[in-house]
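Colleague: Below you'll find the structure I mean.
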Amino acid sequence: MAEKEVKKGYTGFSNELVNDPIIKNSKAWTLFSYCLFKAYFDDKYGEAGTFTATQIEMRKNLNWDNKTLKKFMEFLKNKGYIDYKTTPQNTLIKVLNYKKWRGY
């Protein structure tokens, strides 16, 4: 799936992430930071903190197999970092507490 528009600019993380247990799990941290980078910054193109992607696209970008992606998507969901809904076409991901993690 192609992006609607290339998003240019800067991103930042809340300082609270340094002390969060997720940073100690490298795979979970990789997926969570990927979600933060991919999520819409504001409501201009969709709800802030959300994005849509295919699992094929995510696996390719992360260089993961299907089992690893599903395992860590479920891990992040169970720990309250993300929520997601998967359809045959794509997956809608919502970063929970998006503004907190982005530091605003």
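Convention: chains lettered A, B, ... in structure tokens order; per-chain residue numbering from 1; ligands numbered from 1 as shown.
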DSSP on the backbone: what in segment 36-78 of chain A comes out strand (DSSP E), as a PyMOL selection string?

Modeller: chain A and resi 50-53

Colleague: Please produce an output containing C-alpha atoms for each residue in the selection, written as a CSV table (one decimal), in the first residue's frame.

Modeller:
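The resulting file, part-v8.csv, is reproduced below:
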```csv
chain,number,residue,atom,x,y,z
A,50,THR,CA,-3.0,5.8,13.9
A,51,PHE,CA,-1.8,4.4,10.6
A,52,THR,CA,-2.8,1.7,8.1
A,53,ALA,CA,-0.3,-0.8,6.7
```

Colleague: What does the distance from atom CA of Phe75 of chain A to atom CA of Phe41 of chain A come to in Å, to one decimal?

Modeller: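 Interatomic distance, atom CA of Phe75 of chain A to atom CA of Phe41 of chain A: 23.6 Å.
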
Colleague: DSSP on the backbone, helix (DSSP H, G or I) only: what residues of segment 15-92 of chain A does that give? Format it as a VMD selection string.

Modeller: chain A and resid 15 to 19 21 to 24 26 to 38 55 to 62 66 to 78

Colleague: Report the distance between atom CA of Leu69 of chain A and atom CA of Glu47 of chain A in Å, rounded to one decimal place.

Modeller: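 Those two atoms sit 23.3 Å apart.
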
Colleague: Which polymer residues have any atom within 12 Å of an atom of Ala39 of chain A, counting only C-alpha atoms, with same-chain residues fewer than 5 positions away left out, as a PDB file with all heavy atoms, in the first residue's frame?

Modeller:
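Writing done, so here's out_4.pdb:
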```
ATOM      1  N   GLU A   3       1.850   5.208   0.534  1.00  0.00           N
ATOM      2  CA  GLU A   3       1.491   6.310   1.419  1.00  0.00           C
ATOM      3  C   GLU A   3       0.709   7.349   0.634  1.00  0.00           C
ATOM      4  O   GLU A   3       0.953   7.547  -0.549  1.00  0.00           O
ATOM      5  CB  GLU A   3       2.758   6.975   1.983  1.00  0.00           C
ATOM      6  CG  GLU A   3       3.490   6.135   2.986  1.00  0.00           C
ATOM      7  CD  GLU A   3       2.858   6.149   4.352  1.00  0.00           C
ATOM      8  OE1 GLU A   3       2.255   7.157   4.736  1.00  0.00           O
ATOM      9  OE2 GLU A   3       2.957   5.117   5.022  1.00  0.00           O
ATOM     10  N   LYS A   7       5.525  12.025   4.414  1.00  0.00           N
ATOM     11  CA  LYS A   7       5.507  12.890   5.589  1.00  0.00           C
ATOM     12  C   LYS A   7       6.935  13.336   5.869  1.00  0.00           C
ATOM     13  O   LYS A   7       7.816  12.516   6.088  1.00  0.00           O
ATOM     14  CB  LYS A   7       4.915  12.161   6.784  1.00  0.00           C
ATOM     15  CG  LYS A   7       3.457  11.790   6.597  1.00  0.00           C
ATOM     16  CD  LYS A   7       2.967  10.959   7.749  1.00  0.00           C
ATOM     17  CE  LYS A   7       3.154   9.518   7.392  1.00  0.00           C
ATOM     18  NZ  LYS A   7       2.708   8.552   8.340  1.00  0.00           N
ATOM     19  N   THR A  11      10.668  14.048  14.335  1.00  0.00           N
ATOM     20  CA  THR A  11       9.887  13.335  15.317  1.00  0.00           C
ATOM     21  C   THR A  11      10.658  13.346  16.628  1.00  0.00           C
ATOM     22  O   THR A  11      11.864  13.557  16.642  1.00  0.00           O
ATOM     23  CB  THR A  11       9.581  11.893  14.860  1.00  0.00           C
ATOM     24  OG1 THR A  11       8.637  11.321  15.744  1.00  0.00           O
ATOM     25  CG2 THR A  11      10.825  11.045  14.807  1.00  0.00           C
ATOM     26  N   PHE A  32       7.415  -0.964  18.434  1.00  0.00           N
ATOM     27  CA  PHE A  32       6.731   0.202  19.003  1.00  0.00           C
ATOM     28  C   PHE A  32       7.262   1.500  18.400  1.00  0.00           C
ATOM     29  O   PHE A  32       6.489   2.382  18.029  1.00  0.00           O
ATOM     30  CB  PHE A  32       6.881   0.224  20.529  1.00  0.00           C
ATOM     31  CG  PHE A  32       6.102   1.317  21.185  1.00  0.00           C
ATOM     32  CD1 PHE A  32       4.725   1.394  21.052  1.00  0.00           C
ATOM     33  CD2 PHE A  32       6.738   2.280  21.950  1.00  0.00           C
ATOM     34  CE1 PHE A  32       3.989   2.407  21.665  1.00  0.00           C
ATOM     35  CE2 PHE A  32       6.024   3.296  22.563  1.00  0.00           C
ATOM     36  CZ  PHE A  32       4.647   3.357  22.418  1.00  0.00           C
ATOM     37  N   SER A  33       8.565   1.629  18.254  1.00  0.00           N
ATOM     38  CA  SER A  33       9.117   2.846  17.658  1.00  0.00           C
ATOM     39  C   SER A  33       8.715   2.942  16.187  1.00  0.00           C
ATOM     40  O   SER A  33       8.429   4.031  15.684  1.00  0.00           O
ATOM     41  CB  SER A  33      10.630   2.930  17.840  1.00  0.00           C
ATOM     42  OG  SER A  33      11.278   1.833  17.280  1.00  0.00           O
ATOM     43  N   TYR A  34       8.639   1.814  15.483  1.00  0.00           N
ATOM     44  CA  TYR A  34       8.148   1.791  14.106  1.00  0.00           C
ATOM     45  C   TYR A  34       6.725   2.366  14.063  1.00  0.00           C
ATOM     46  O   TYR A  34       6.409   3.197  13.207  1.00  0.00           O
ATOM     47  CB  TYR A  34       8.179   0.355  13.569  1.00  0.00           C
ATOM     48  CG  TYR A  34       7.593   0.187  12.197  1.00  0.00           C
ATOM     49  CD1 TYR A  34       8.352   0.440  11.057  1.00  0.00           C
ATOM     50  CD2 TYR A  34       6.283  -0.252  12.019  1.00  0.00           C
ATOM     51  CE1 TYR A  34       7.824   0.264   9.787  1.00  0.00           C
ATOM     52  CE2 TYR A  34       5.753  -0.421  10.767  1.00  0.00           C
ATOM     53  CZ  TYR A  34       6.520  -0.156   9.651  1.00  0.00           C
ATOM     54  OH  TYR A  34       5.971  -0.322   8.387  1.00  0.00           O
ATOM     55  N   LYS A  44      -4.663  15.599  10.174  1.00  0.00           N
ATOM     56  CA  LYS A  44      -4.761  16.073   8.794  1.00  0.00           C
ATOM     57  C   LYS A  44      -5.074  14.940   7.816  1.00  0.00           C
ATOM     58  O   LYS A  44      -5.866  15.109   6.904  1.00  0.00           O
ATOM     59  CB  LYS A  44      -3.465  16.779   8.391  1.00  0.00           C
ATOM     60  CG  LYS A  44      -3.524  17.414   7.018  1.00  0.00           C
ATOM     61  CD  LYS A  44      -2.256  18.208   6.731  1.00  0.00           C
ATOM     62  CE  LYS A  44      -2.315  18.840   5.355  1.00  0.00           C
ATOM     63  NZ  LYS A  44      -1.097  19.583   5.047  1.00  0.00           N
ATOM     64  N   TYR A  45      -4.454  13.771   7.991  1.00  0.00           N
ATOM     65  CA  TYR A  45      -4.640  12.657   7.057  1.00  0.00           C
ATOM     66  C   TYR A  45      -5.410  11.485   7.668  1.00  0.00           C
ATOM     67  O   TYR A  45      -5.774  10.556   6.976  1.00  0.00           O
ATOM     68  CB  TYR A  45      -3.286  12.159   6.553  1.00  0.00           C
ATOM     69  CG  TYR A  45      -2.517  13.232   5.833  1.00  0.00           C
ATOM     70  CD1 TYR A  45      -1.409  13.829   6.422  1.00  0.00           C
ATOM     71  CD2 TYR A  45      -2.897  13.673   4.577  1.00  0.00           C
ATOM     72  CE1 TYR A  45      -0.707  14.825   5.768  1.00  0.00           C
ATOM     73  CE2 TYR A  45      -2.205  14.666   3.923  1.00  0.00           C
ATOM     74  CZ  TYR A  45      -1.107  15.235   4.521  1.00  0.00           C
ATOM     75  OH  TYR A  45      -0.426  16.220   3.878  1.00  0.00           O
ATOM     76  N   GLY A  46      -5.590  11.513   8.954  1.00  0.00           N
ATOM     77  CA  GLY A  46      -6.280  10.465   9.691  1.00  0.00           C
ATOM     78  C   GLY A  46      -6.146  10.760  11.167  1.00  0.00           C
ATOM     79  O   GLY A  46      -5.516  11.739  11.549  1.00  0.00           O
ATOM     80  N   GLU A  47      -6.723   9.932  11.989  1.00  0.00           N
ATOM     81  CA  GLU A  47      -6.659  10.164  13.432  1.00  0.00           C
ATOM     82  C   GLU A  47      -5.208  10.133  13.910  1.00  0.00           C
ATOM     83  O   GLU A  47      -4.459   9.213  13.589  1.00  0.00           O
ATOM     84  CB  GLU A  47      -7.473   9.102  14.163  1.00  0.00           C
ATOM     85  CG  GLU A  47      -7.478   9.271  15.665  1.00  0.00           C
ATOM     86  CD  GLU A  47      -8.211   8.149  16.384  1.00  0.00           C
ATOM     87  OE1 GLU A  47      -8.851   7.325  15.727  1.00  0.00           O
ATOM     88  OE2 GLU A  47      -8.097   8.112  17.616  1.00  0.00           O
ATOM     89  N   ALA A  48      -4.808  11.146  14.656  1.00  0.00           N
ATOM     90  CA  ALA A  48      -3.445  11.195  15.200  1.00  0.00           C
ATOM     91  C   ALA A  48      -3.171   9.931  16.002  1.00  0.00           C
ATOM     92  O   ALA A  48      -4.007   9.467  16.764  1.00  0.00           O
ATOM     93  CB  ALA A  48      -3.263  12.433  16.071  1.00  0.00           C
ATOM     94  N   GLY A  49      -1.994   9.365  15.793  1.00  0.00           N
ATOM     95  CA  GLY A  49      -1.606   8.166  16.515  1.00  0.00           C
ATOM     96  C   GLY A  49      -2.011   6.876  15.822  1.00  0.00           C
ATOM     97  O   GLY A  49      -1.791   5.798  16.364  1.00  0.00           O
ATOM     98  N   THR A  50      -2.595   6.974  14.629  1.00  0.00           N
ATOM     99  CA  THR A  50      -3.002   5.787  13.891  1.00  0.00           C
ATOM    100  C   THR A  50      -2.296   5.723  12.543  1.00  0.00           C
ATOM    101  O   THR A  50      -1.813   6.733  12.040  1.00  0.00           O
ATOM    102  CB  THR A  50      -4.519   5.756  13.646  1.00  0.00           C
ATOM    103  OG1 THR A  50      -4.877   6.808  12.745  1.00  0.00           O
ATOM    104  CG2 THR A  50      -5.300   5.881  14.932  1.00  0.00           C
ATOM    105  N   PHE A  51      -2.264   4.551  11.980  1.00  0.00           N
ATOM    106  CA  PHE A  51      -1.809   4.374  10.603  1.00  0.00           C
ATOM    107  C   PHE A  51      -2.318   3.037  10.098  1.00  0.00           C
ATOM    108  O   PHE A  51      -2.689   2.158  10.869  1.00  0.00           O
ATOM    109  CB  PHE A  51      -0.288   4.474  10.478  1.00  0.00           C
ATOM    110  CG  PHE A  51       0.487   3.327  11.067  1.00  0.00           C
ATOM    111  CD1 PHE A  51       0.971   2.309  10.259  1.00  0.00           C
ATOM    112  CD2 PHE A  51       0.748   3.277  12.423  1.00  0.00           C
ATOM    113  CE1 PHE A  51       1.703   1.263  10.792  1.00  0.00           C
ATOM    114  CE2 PHE A  51       1.478   2.234  12.971  1.00  0.00           C
ATOM    115  CZ  PHE A  51       1.953   1.220  12.157  1.00  0.00           C
ATOM    116  N   THR A  52      -2.352   2.912   8.794  1.00  0.00           N
ATOM    117  CA  THR A  52      -2.781   1.677   8.147  1.00  0.00           C
ATOM    118  C   THR A  52      -1.624   1.127   7.331  1.00  0.00           C
ATOM    119  O   THR A  52      -0.938   1.871   6.635  1.00  0.00           O
ATOM    120  CB  THR A  52      -3.993   1.941   7.225  1.00  0.00           C
ATOM    121  OG1 THR A  52      -5.038   2.528   8.002  1.00  0.00           O
ATOM    122  CG2 THR A  52      -4.490   0.661   6.595  1.00  0.00           C
ATOM    123  N   ALA A  53      -1.400  -0.158   7.451  1.00  0.00           N
ATOM    124  CA  ALA A  53      -0.328  -0.816   6.699  1.00  0.00           C
ATOM    125  C   ALA A  53      -0.733  -2.261   6.457  1.00  0.00           C
ATOM    126  O   ALA A  53      -1.616  -2.789   7.136  1.00  0.00           O
ATOM    127  CB  ALA A  53       0.977  -0.765   7.477  1.00  0.00           C
ATOM    128  N   ILE A  82      -0.414  -0.607  22.027  1.00  0.00           N
ATOM    129  CA  ILE A  82      -1.126  -0.401  20.768  1.00  0.00           C
ATOM    130  C   ILE A  82      -2.440  -1.169  20.797  1.00  0.00           C
ATOM    131  O   ILE A  82      -2.639  -2.058  21.630  1.00  0.00           O
ATOM    132  CB  ILE A  82      -0.314  -0.862  19.529  1.00  0.00           C
ATOM    133  CG1 ILE A  82      -0.096  -2.377  19.536  1.00  0.00           C
ATOM    134  CG2 ILE A  82       1.001  -0.102  19.412  1.00  0.00           C
ATOM    135  CD1 ILE A  82       0.482  -2.943  18.240  1.00  0.00           C
ATOM    136  N   LEU A  92      -5.152  -1.718  10.692  1.00  0.00           N
ATOM    137  CA  LEU A  92      -5.224  -0.375  11.258  1.00  0.00           C
ATOM    138  C   LEU A  92      -4.626  -0.454  12.656  1.00  0.00           C
ATOM    139  O   LEU A  92      -5.090  -1.234  13.493  1.00  0.00           O
ATOM    140  CB  LEU A  92      -6.671   0.123  11.332  1.00  0.00           C
ATOM    141  CG  LEU A  92      -6.878   1.433  12.080  1.00  0.00           C
ATOM    142  CD1 LEU A  92      -6.188   2.585  11.352  1.00  0.00           C
ATOM    143  CD2 LEU A  92      -8.347   1.729  12.280  1.00  0.00           C
ATOM    144  N   ILE A  93      -3.591   0.325  12.893  1.00  0.00           N
ATOM    145  CA  ILE A  93      -2.894   0.317  14.177  1.00  0.00           C
ATOM    146  C   ILE A  93      -3.089   1.661  14.863  1.00  0.00           C
ATOM    147  O   ILE A  93      -2.947   2.707  14.233  1.00  0.00           O
ATOM    148  CB  ILE A  93      -1.396   0.026  13.986  1.00  0.00           C
ATOM    149  CG1 ILE A  93      -1.219  -1.356  13.348  1.00  0.00           C
ATOM    150  CG2 ILE A  93      -0.643   0.129  15.314  1.00  0.00           C
ATOM    151  CD1 ILE A  93       0.181  -1.685  12.962  1.00  0.00           C
ATOM    152  N   LYS A  94      -3.387   1.599  16.140  1.00  0.00           N
ATOM    153  CA  LYS A  94      -3.532   2.805  16.957  1.00  0.00           C
ATOM    154  C   LYS A  94      -2.536   2.730  18.104  1.00  0.00           C
ATOM    155  O   LYS A  94      -2.529   1.751  18.867  1.00  0.00           O
ATOM    156  CB  LYS A  94      -4.944   2.919  17.507  1.00  0.00           C
ATOM    157  CG  LYS A  94      -5.142   4.137  18.377  1.00  0.00           C
ATOM    158  CD  LYS A  94      -6.578   4.299  18.836  1.00  0.00           C
ATOM    159  CE  LYS A  94      -6.732   5.617  19.563  1.00  0.00           C
ATOM    160  NZ  LYS A  94      -8.127   5.929  19.826  1.00  0.00           N
ATOM    161  N   VAL A  95      -1.678   3.729  18.209  1.00  0.00           N
ATOM    162  CA  VAL A  95      -0.760   3.824  19.334  1.00  0.00           C
ATOM    163  C   VAL A  95      -1.548   4.418  20.496  1.00  0.00           C
ATOM    164  O   VAL A  95      -2.038   5.548  20.407  1.00  0.00           O
ATOM    165  CB  VAL A  95       0.462   4.711  19.003  1.00  0.00           C
ATOM    166  CG1 VAL A  95       1.359   4.854  20.217  1.00  0.00           C
ATOM    167  CG2 VAL A  95       1.233   4.153  17.815  1.00  0.00           C
ATOM    168  N   LEU A  96      -1.710   3.643  21.553  1.00  0.00           N
ATOM    169  CA  LEU A  96      -2.451   4.120  22.719  1.00  0.00           C
ATOM    170  C   LEU A  96      -1.598   5.139  23.470  1.00  0.00           C
ATOM    171  O   LEU A  96      -0.380   4.990  23.553  1.00  0.00           O
ATOM    172  CB  LEU A  96      -2.823   2.943  23.615  1.00  0.00           C
ATOM    173  CG  LEU A  96      -3.648   1.851  22.915  1.00  0.00           C
ATOM    174  CD1 LEU A  96      -3.873   0.676  23.852  1.00  0.00           C
ATOM    175  CD2 LEU A  96      -4.968   2.396  22.397  1.00  0.00           C
ATOM    176  N   TYR A  98      -0.824   8.091  22.510  1.00  0.00           N
ATOM    177  CA  TYR A  98       0.112   8.615  21.503  1.00  0.00           C
ATOM    178  C   TYR A  98       0.752   9.936  21.931  1.00  0.00           C
ATOM    179  O   TYR A  98       1.955  10.090  21.826  1.00  0.00           O
ATOM    180  CB  TYR A  98      -0.622   8.789  20.177  1.00  0.00           C
ATOM    181  CG  TYR A  98       0.225   9.358  19.074  1.00  0.00           C
ATOM    182  CD1 TYR A  98       1.231   8.595  18.491  1.00  0.00           C
ATOM    183  CD2 TYR A  98       0.017  10.639  18.615  1.00  0.00           C
ATOM    184  CE1 TYR A  98       2.014   9.093  17.480  1.00  0.00           C
ATOM    185  CE2 TYR A  98       0.801  11.161  17.593  1.00  0.00           C
ATOM    186  CZ  TYR A  98       1.797  10.390  17.020  1.00  0.00           C
ATOM    187  OH  TYR A  98       2.574  10.898  16.020  1.00  0.00           O
ATOM    188  N   LYS A  99      -0.056  10.864  22.431  1.00  0.00           N
ATOM    189  CA  LYS A  99       0.502  12.182  22.794  1.00  0.00           C
ATOM    190  C   LYS A  99       1.505  12.054  23.939  1.00  0.00           C
ATOM    191  O   LYS A  99       2.510  12.755  23.953  1.00  0.00           O
ATOM    192  CB  LYS A  99      -0.629  13.140  23.166  1.00  0.00           C
ATOM    193  CG  LYS A  99      -1.420  13.579  21.957  1.00  0.00           C
ATOM    194  CD  LYS A  99      -2.443  14.618  22.317  1.00  0.00           C
ATOM    195  CE  LYS A  99      -3.156  15.081  21.058  1.00  0.00           C
ATOM    196  NZ  LYS A  99      -4.091  16.144  21.329  1.00  0.00           N
ATOM    197  N   TRP A 101       3.519   9.465  24.539  1.00  0.00           N
ATOM    198  CA  TRP A 101       4.760   8.910  24.018  1.00  0.00           C
ATOM    199  C   TRP A 101       5.490   9.865  23.113  1.00  0.00           C
ATOM    200  O   TRP A 101       6.716   9.809  23.005  1.00  0.00           O
ATOM    201  CB  TRP A 101       4.492   7.587  23.278  1.00  0.00           C
ATOM    202  CG  TRP A 101       3.899   6.529  24.145  1.00  0.00           C
ATOM    203  CD1 TRP A 101       2.725   5.885  23.937  1.00  0.00           C
ATOM    204  CD2 TRP A 101       4.435   6.029  25.362  1.00  0.00           C
ATOM    205  NE1 TRP A 101       2.498   4.987  24.954  1.00  0.00           N
ATOM    206  CE2 TRP A 101       3.537   5.066  25.852  1.00  0.00           C
ATOM    207  CE3 TRP A 101       5.583   6.287  26.102  1.00  0.00           C
ATOM    208  CZ2 TRP A 101       3.749   4.350  27.029  1.00  0.00           C
ATOM    209  CZ3 TRP A 101       5.796   5.582  27.277  1.00  0.00           C
ATOM    210  CH2 TRP A 101       4.887   4.632  27.731  1.00  0.00           C
ATOM    211  N   ARG A 102       4.773  10.761  22.453  1.00  0.00           N
ATOM    212  CA  ARG A 102       5.403  11.752  21.593  1.00  0.00           C
ATOM    213  C   ARG A 102       5.867  12.983  22.369  1.00  0.00           C
ATOM    214  O   ARG A 102       6.483  13.863  21.833  1.00  0.00           O
ATOM    215  CB  ARG A 102       4.441  12.171  20.481  1.00  0.00           C
ATOM    216  CG  ARG A 102       4.200  11.093  19.440  1.00  0.00           C
ATOM    217  CD  ARG A 102       5.476  10.658  18.738  1.00  0.00           C
ATOM    218  NE  ARG A 102       6.153  11.738  18.110  1.00  0.00           N
ATOM    219  CZ  ARG A 102       6.009  12.123  16.855  1.00  0.00           C
ATOM    220  NH1 ARG A 102       5.205  11.460  16.076  1.00  0.00           N
ATOM    221  NH2 ARG A 102       6.663  13.152  16.375  1.00  0.00           N
TER     222      ARG A 102
END
```

Colleague: Enter the distance from atom CA of Ala28 of chain A to atom CA of Leu76 of chain A, in Å, rounded to one decimal.

Modeller: 6.9 Å
